[in-house]
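Engineer: Have a peek at entry.pdb (PDB, C-alpha atoms and all ligand atoms).
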ATOM      1  CA  MET A 150     -22.693  -2.515 -34.345
ATOM      2  CA  SER A 151     -23.136  -0.015 -37.151
ATOM      3  CA  LYS A 152     -20.230   2.208 -38.045
ATOM      4  CA  MET A 153     -20.382   5.512 -36.221
ATOM      5  CA  ASN A 154     -20.658   8.718 -38.189
ATOM      6  CA  LEU A 155     -17.645  10.731 -37.051
ATOM      7  CA  LYS A 156     -18.377  13.855 -39.068
ATOM      8  CA  LYS A 157     -19.385  15.717 -35.909
ATOM      9  CA  VAL A 158     -16.044  14.846 -34.305
ATOM     10  CA  ASP A 159     -14.180  16.149 -37.332
ATOM     11  CA  GLU A 160     -16.131  19.405 -37.208
ATOM     12  CA  ILE A 161     -15.376  19.897 -33.507
ATOM     13  CA  ILE A 162     -11.661  19.330 -34.052
ATOM     14  CA  LYS A 163     -11.720  21.751 -36.971
ATOM     15  CA  ASN A 164     -13.361  24.371 -34.709
ATOM     16  CA  TYR A 165     -10.290  24.134 -32.505
ATOM     17  CA  LYS A 166      -7.997  24.336 -35.534
ATOM     18  CA  ASN A 167      -6.634  20.815 -34.955
ATOM     19  CA  ASN A 168      -4.787  22.179 -31.923
ATOM     20  CA  ASP A 169      -4.138  19.584 -29.221
ATOM     21  CA  SER A 170      -3.821  22.322 -26.563
ATOM     22  CA  TRP A 171      -7.638  22.287 -26.604
ATOM     23  CA  LEU A 172      -7.909  18.551 -25.996
ATOM     24  CA  VAL A 173     -10.114  18.855 -22.883
ATOM     25  CA  MET A 174     -12.470  21.287 -24.629
ATOM     26  CA  ILE A 175     -12.598  19.050 -27.687
ATOM     27  CA  LEU A 176     -13.536  16.037 -25.555
ATOM     28  CA  GLN A 177     -16.174  18.084 -23.721
ATOM     29  CA  ASP A 178     -17.726  19.120 -27.027
ATOM     30  CA  VAL A 179     -17.622  15.543 -28.328
ATOM     31  CA  GLN A 180     -19.368  14.390 -25.167
ATOM     32  CA  GLU A 181     -22.006  17.070 -25.594
ATOM     33  CA  LYS A 182     -22.797  15.676 -29.051
ATOM     34  CA  TYR A 183     -22.922  11.980 -28.115
ATOM     35  CA  ASN A 184     -23.708  12.281 -24.374
ATOM     36  CA  TYR A 185     -20.589  10.218 -23.661
ATOM     37  CA  LEU A 186     -17.212   9.539 -25.290
ATOM     38  CA  PRO A 187     -17.501   6.625 -27.697
ATOM     39  CA  VAL A 188     -14.210   4.757 -28.259
ATOM     40  CA  GLU A 189     -14.468   5.401 -32.008
ATOM     41  CA  ALA A 190     -14.636   9.147 -31.327
ATOM     42  CA  ILE A 191     -11.634   9.017 -29.003
ATOM     43  CA  LYS A 192      -9.610   7.195 -31.652
ATOM     44  CA  ARG A 193     -10.614   9.798 -34.223
ATOM     45  CA  VAL A 194      -9.518  12.651 -31.918
ATOM     46  CA  ALA A 195      -6.093  11.032 -31.438
ATOM     47  CA  GLU A 196      -5.740  10.403 -35.167
ATOM     48  CA  LYS A 197      -6.781  13.918 -36.223
ATOM     49  CA  LEU A 198      -4.661  15.683 -33.597
ATOM     50  CA  GLN A 199      -1.760  13.315 -34.318
ATOM     51  CA  ILE A 200      -1.232  12.530 -30.649
ATOM     52  CA  PRO A 201      -0.965   9.152 -28.870
ATOM     53  CA  LEU A 202      -4.266   7.419 -28.134
ATOM     54  CA  SER A 203      -3.074   6.884 -24.552
ATOM     55  CA  ARG A 204      -2.936  10.660 -24.012
ATOM     56  CA  VAL A 205      -6.552  11.077 -25.084
ATOM     57  CA  PHE A 206      -7.642   8.164 -22.863
ATOM     58  CA  ASN A 207      -5.709   9.640 -19.925
ATOM     59  CA  VAL A 208      -7.564  12.935 -20.230
ATOM     60  CA  ALA A 209     -10.913  11.212 -20.845
ATOM     61  CA  THR A 210     -10.554   9.154 -17.664
ATOM     62  CA  PHE A 211      -9.029  11.908 -15.502
ATOM     63  CA  TYR A 212     -11.987  14.318 -15.520
ATOM     64  CA  SER A 213     -15.097  13.096 -13.698
ATOM     65  CA  SER A 214     -17.259  15.230 -15.996
ATOM     66  CA  LEU A 215     -16.174  13.057 -18.944
ATOM     67  CA  SER A 216     -17.682   9.603 -19.364
ATOM     68  CA  LEU A 217     -16.540   6.645 -21.425
ATOM     69  CA  ALA A 218     -19.673   4.724 -20.521
ATOM     70  CA  GLU A 219     -22.673   5.103 -22.784
ATOM     71  CA  ARG A 220     -25.229   7.404 -21.186
ATOM     72  CA  GLY A 221     -28.855   8.139 -21.834
ATOM     73  CA  LYS A 222     -30.288  11.298 -23.338
ATOM     74  CA  HIS A 223     -30.941  12.612 -19.805
ATOM     75  CA  VAL A 224     -28.393  12.196 -17.021
ATOM     76  CA  ILE A 225     -29.886  12.154 -13.532
ATOM     77  CA  LYS A 226     -27.409  12.943 -10.775
ATOM     78  CA  VAL A 227     -28.443  12.192  -7.222
ATOM     79  CA  CYS A 228     -26.375  13.861  -4.530
ATOM     80  CA  ASP A 229     -24.896  11.740  -1.769
ATOM     81  CA  GLY A 230     -22.999  14.564  -0.063
ATOM     82  CA  THR A 231     -23.344  14.847   3.707
ATOM     83  CA  ALA A 232     -26.412  17.126   3.782
ATOM     84  CA  CYS A 233     -28.259  15.129   1.145
ATOM     85  CA  HIS A 234     -27.255  11.817   2.680
ATOM     86  CA  LEU A 235     -28.753  12.895   6.010
ATOM     87  CA  ARG A 236     -31.914  14.277   4.414
ATOM     88  CA  GLY A 237     -33.034  11.393   2.274
ATOM     89  CA  PHE A 238     -30.502  10.424  -0.397
ATOM     90  CA  THR A 239     -31.220   6.685  -0.040
ATOM     91  CA  ASN A 240     -34.960   7.155  -0.371
ATOM     92  CA  LEU A 241     -34.507   9.459  -3.371
ATOM     93  CA  ARG A 242     -32.140   7.093  -5.179
ATOM     94  CA  ASP A 243     -34.379   4.098  -4.470
ATOM     95  CA  GLU A 244     -37.456   5.915  -5.760
ATOM     96  CA  ILE A 245     -35.693   6.699  -9.057
ATOM     97  CA  THR A 246     -34.548   3.081  -9.282
ATOM     98  CA  ARG A 247     -38.115   1.895  -8.657
ATOM     99  CA  LYS A 248     -39.565   4.332 -11.194
ATOM    100  CA  LEU A 249     -37.066   3.768 -14.021
ATOM    101  CA  GLY A 250     -35.806   0.261 -13.295
ATOM    102  CA  ILE A 251     -32.154   1.304 -13.273
ATOM    103  CA  LYS A 252     -29.513   1.338 -10.568
ATOM    104  CA  GLU A 253     -26.475   3.599 -10.174
ATOM    105  CA  ASN A 254     -24.479   3.945 -13.413
ATOM    106  CA  GLU A 255     -27.134   2.174 -15.453
ATOM    107  CA  THR A 256     -29.097   3.425 -18.457
ATOM    108  CA  THR A 257     -32.707   2.644 -19.300
ATOM    109  CA  GLU A 258     -33.253   0.303 -22.242
ATOM    110  CA  ASP A 259     -34.779   3.112 -24.317
ATOM    111  CA  LYS A 260     -31.573   5.133 -23.704
ATOM    112  CA  GLU A 261     -33.566   8.004 -22.209
ATOM    113  CA  PHE A 262     -32.117   8.091 -18.659
ATOM    114  CA  THR A 263     -28.841   7.348 -16.889
ATOM    115  CA  LEU A 264     -28.605   7.392 -13.101
ATOM    116  CA  GLU A 265     -25.437   8.634 -11.411
ATOM    117  CA  VAL A 266     -24.563   9.307  -7.777
ATOM    118  CA  VAL A 267     -22.332  12.308  -7.111
ATOM    119  CA  ALA A 268     -20.622  13.825  -4.081
ATOM    120  CA  CYS A 269     -22.152  17.309  -3.891
ATOM    121  CA  LEU A 270     -24.188  19.344  -6.325
ATOM    122  CA  GLY A 271     -23.440  22.595  -4.511
ATOM    123  CA  ALA A 272     -26.992  23.244  -3.320
ATOM    124  CA  CYS A 273     -26.739  21.715   0.163
ATOM    125  CA  ALA A 274     -29.354  24.070   1.668
ATOM    126  CA  LEU A 275     -31.899  22.457  -0.660
ATOM    127  CA  ALA A 276     -31.078  18.875   0.344
ATOM    128  CA  PRO A 277     -31.992  16.331  -0.803
ATOM    129  CA  VAL A 278     -30.997  17.367  -4.300
ATOM    130  CA  MET A 279     -30.925  15.795  -7.731
ATOM    131  CA  SER A 280     -30.172  17.254 -11.124
ATOM    132  CA  ILE A 281     -31.288  16.277 -14.580
ATOM    133  CA  ASP A 282     -29.047  17.506 -17.401
ATOM    134  CA  ASN A 283     -27.556  20.012 -14.938
ATOM    135  CA  LYS A 284     -30.944  21.477 -13.952
ATOM    136  CA  CYS A 285     -31.158  21.304 -10.175
ATOM    137  CA  TYR A 286     -34.191  20.005  -8.227
ATOM    138  CA  GLY A 287     -34.079  20.655  -4.480
ATOM    139  CA  LYS A 288     -36.068  19.577  -1.411
ATOM    140  CA  ILE A 289     -37.257  16.707  -3.497
ATOM    141  CA  ASN A 290     -39.588  13.995  -2.250
ATOM    142  CA  ASN A 291     -41.077  10.908  -3.901
ATOM    143  CA  GLU A 292     -44.025  12.837  -5.313
ATOM    144  CA  LYS A 293     -41.758  15.482  -6.892
ATOM    145  CA  VAL A 294     -39.430  12.791  -8.292
ATOM    146  CA  ASN A 295     -42.344  11.085  -9.983
ATOM    147  CA  GLU A 296     -43.797  14.333 -11.340
ATOM    148  CA  THR A 297     -40.424  15.466 -12.662
ATOM    149  CA  LEU A 298     -39.556  12.173 -14.330
ATOM    150  CA  ASP A 299     -43.046  11.960 -15.839
ATOM    151  CA  CYS A 300     -42.467  15.390 -17.425
ATOM    152  CA  TYR A 301     -39.265  14.172 -19.090
ATOM    153  CA  LYS A 302     -40.984  10.956 -20.186
ATOM    154  CA  ARG A 303     -43.862  12.869 -21.738
ATOM    155  CA  ALA A 304     -41.429  15.176 -23.557
ATOM    156  CA  ALA A 305     -39.680  12.119 -25.026
ATOM    157  CA  LYS A 306     -42.871  10.907 -26.744
TER     158      LYS A 306
HETATM  159  S1  LIG A 401     -24.592  17.706  -0.111
HETATM  160 FE1  LIG A 401     -26.082  17.549  -1.648
HETATM  161  S2  LIG A 401     -25.909  19.426  -2.693
HETATM  162 FE2  LIG A 401     -24.320  19.480  -1.234
END
Represent the structure from my file as structure tokens, please.

Structural biologist:
Amino acid sequence: MSKMNLKKVDEIIKNYKNNDSWLVMILQDVQEKYNYLPVEAIKRVAEKLQIPLSRVFNVATFYSSLSLAERGKHVIKVCDGTACHLRGFTNLRDEITRKLGIKENETTEDKEFTLEVVACLGACALAPVMSIDNKCYGKINNEKVNETLDCYKRAAK
């Protein structure tokens, strides 16, 4: 594996004046840059802030919005809350799996999409719901899933 360029991490830490009180914000910004928290970046944060690596890992694993697993450019979240479960979650998840060839917590080979299942996206009246990069898509059916994913695929070319 090639050595990761950690310049972006250094810049983020500098923006927070090397202050470890902002650790969560720093990790959120790092994740925004890389789409997940690479181990190399976590080590760099600990080193630069002069805090134990274990503390950074604890924070990185505590918040569900932070991910240590490599994720694709676009993160698809499919809601499996009660309303969505009753109104077609399984069908929706299976259609995405069929279309992209990935299951829950997997990333496509081209690193474009990651599929995640979440508890509730806060739009229950629109069930079933999915989001892509935090943009919400409600009352979604197989046709809409395919149209939406095709849009993202076309934009990637
Ligand atoms: S249950 Fe799916 S958005 Fe709330």

Engineer: Show me, as a VMD selection string, the residues that have an atom within 10 Å of segment 201-216 of chain A when counting only C-alpha atoms, minus same-chain residues fewer than 2 positions from it.

Structural biologist: chain A and resid 169 172 to 173 176 to 177 179 to 181 184 to 188 191 to 196 198 to 199 218 to 220 267

Engineer: Given the file shown, enumerate the residues that the PyMOL selection byres (((chain A and resi 300-303) around 12) and not hetatm) captures and present them as a PyMOL selection string.

Structural biologist: chain A and resi 222-225+248-249+257+259-262+281-282+293-299+304-306

Engineer: So, with only C-alpha atoms as the atoms that count, which of A:Cys228, A:Ile200, A:Leu235, A:Ile245 lies closest to Ala268 of chain A?

Structural biologist: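 The closest residue to Ala268 of chain A is A:Cys228.
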
Engineer: Have a look at atom CA of Ile161 of chain A and atom CA of Glu189 of chain A and let me know their distance in Å, one decimal.

Structural biologist: 14.6 Å

Engineer: Kindly compute an axis-aligned box around the listed atoms of ligand LIG 401 (chain A), allowing 6 Å on each side, and express its centre and edge lengths in Å to one decimal as lines of an AutoDock Vina configuration file.

Structural biologist:
center_x = -25.2
center_y = 18.5
center_z = -1.4
size_x = 13.8
size_y = 13.9
size_z = 14.6

Engineer: Pull the closest atom pair for each residue of chain A that gets at most 6 Å from ligand LIG 401 (chain A), along with the distance in Å to one decimal, counting all atoms listed in the file, ordering rows by chain and then ascending residue number, as CSV.

Structural biologist:
residue,atom,partner,partner_atom,distance
A:Cys228,CA,A:LIG401,FE1,4.7
A:Asp229,CA,A:LIG401,FE1,5.9
A:Gly230,CA,A:LIG401,S1,3.5
A:Thr231,CA,A:LIG401,S1,4.9
A:Ala232,CA,A:LIG401,S1,4.3
A:Cys233,CA,A:LIG401,FE1,4.3
A:Cys269,CA,A:LIG401,FE2,4.1
A:Leu270,CA,A:LIG401,S2,4.0
A:Gly271,CA,A:LIG401,S2,4.4
A:Ala272,CA,A:LIG401,S2,4.0
A:Cys273,CA,A:LIG401,FE2,3.6
A:Ala276,CA,A:LIG401,FE1,5.5
A:Val278,CA,A:LIG401,FE1,5.6

Engineer: Have a look at atom CA of Asn168 of chain A and atom CA of Lys197 of chain A and let me know their distance in Å, one decimal.

Structural biologist: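 Going from atom CA of Asn168 of chain A over to atom CA of Lys197 of chain A, I get 9.5 Å.
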
Engineer: One decimal, Å: what's the distance from atom CA of Glu265 of chain A over to atom CA of Glu253 of chain A, could you say?

Structural biologist: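 These atoms are spaced 5.3 Å apart.
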
Engineer: Just checking: using only C-alpha atoms, which residue out of A:Cys285, A:Leu217, A:Ile175, A:Leu264 ends up closest to Asp243 of chain A?

Structural biologist: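 Selected residue with least distance to Asp243 of chain A: A:Leu264.
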
Engineer: Could you tell me which of A:Asp178, A:Gly237, A:Val158, A:Asn164 comes closest to Leu275 of chain A if we count only C-alpha atoms?

Structural biologist: A:Gly237

Engineer: Nearest to His234 of chain A among A:Thr246, A:Pro277, A:Lys252, A:Gly221, with distances taken over only C-alpha atoms: which residue is it?

Structural biologist: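 Result for the nearest residue to His234 of chain A: A:Pro277.
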
Engineer: For each of A:Thr239, A:Asn167, A:Asn154, A:Asn290, take the minimum atom-to-atom distance to Lys182 of chain A, counting all atoms listed in the file, then give the residue where this is smallest.

Structural biologist: A:Asn154
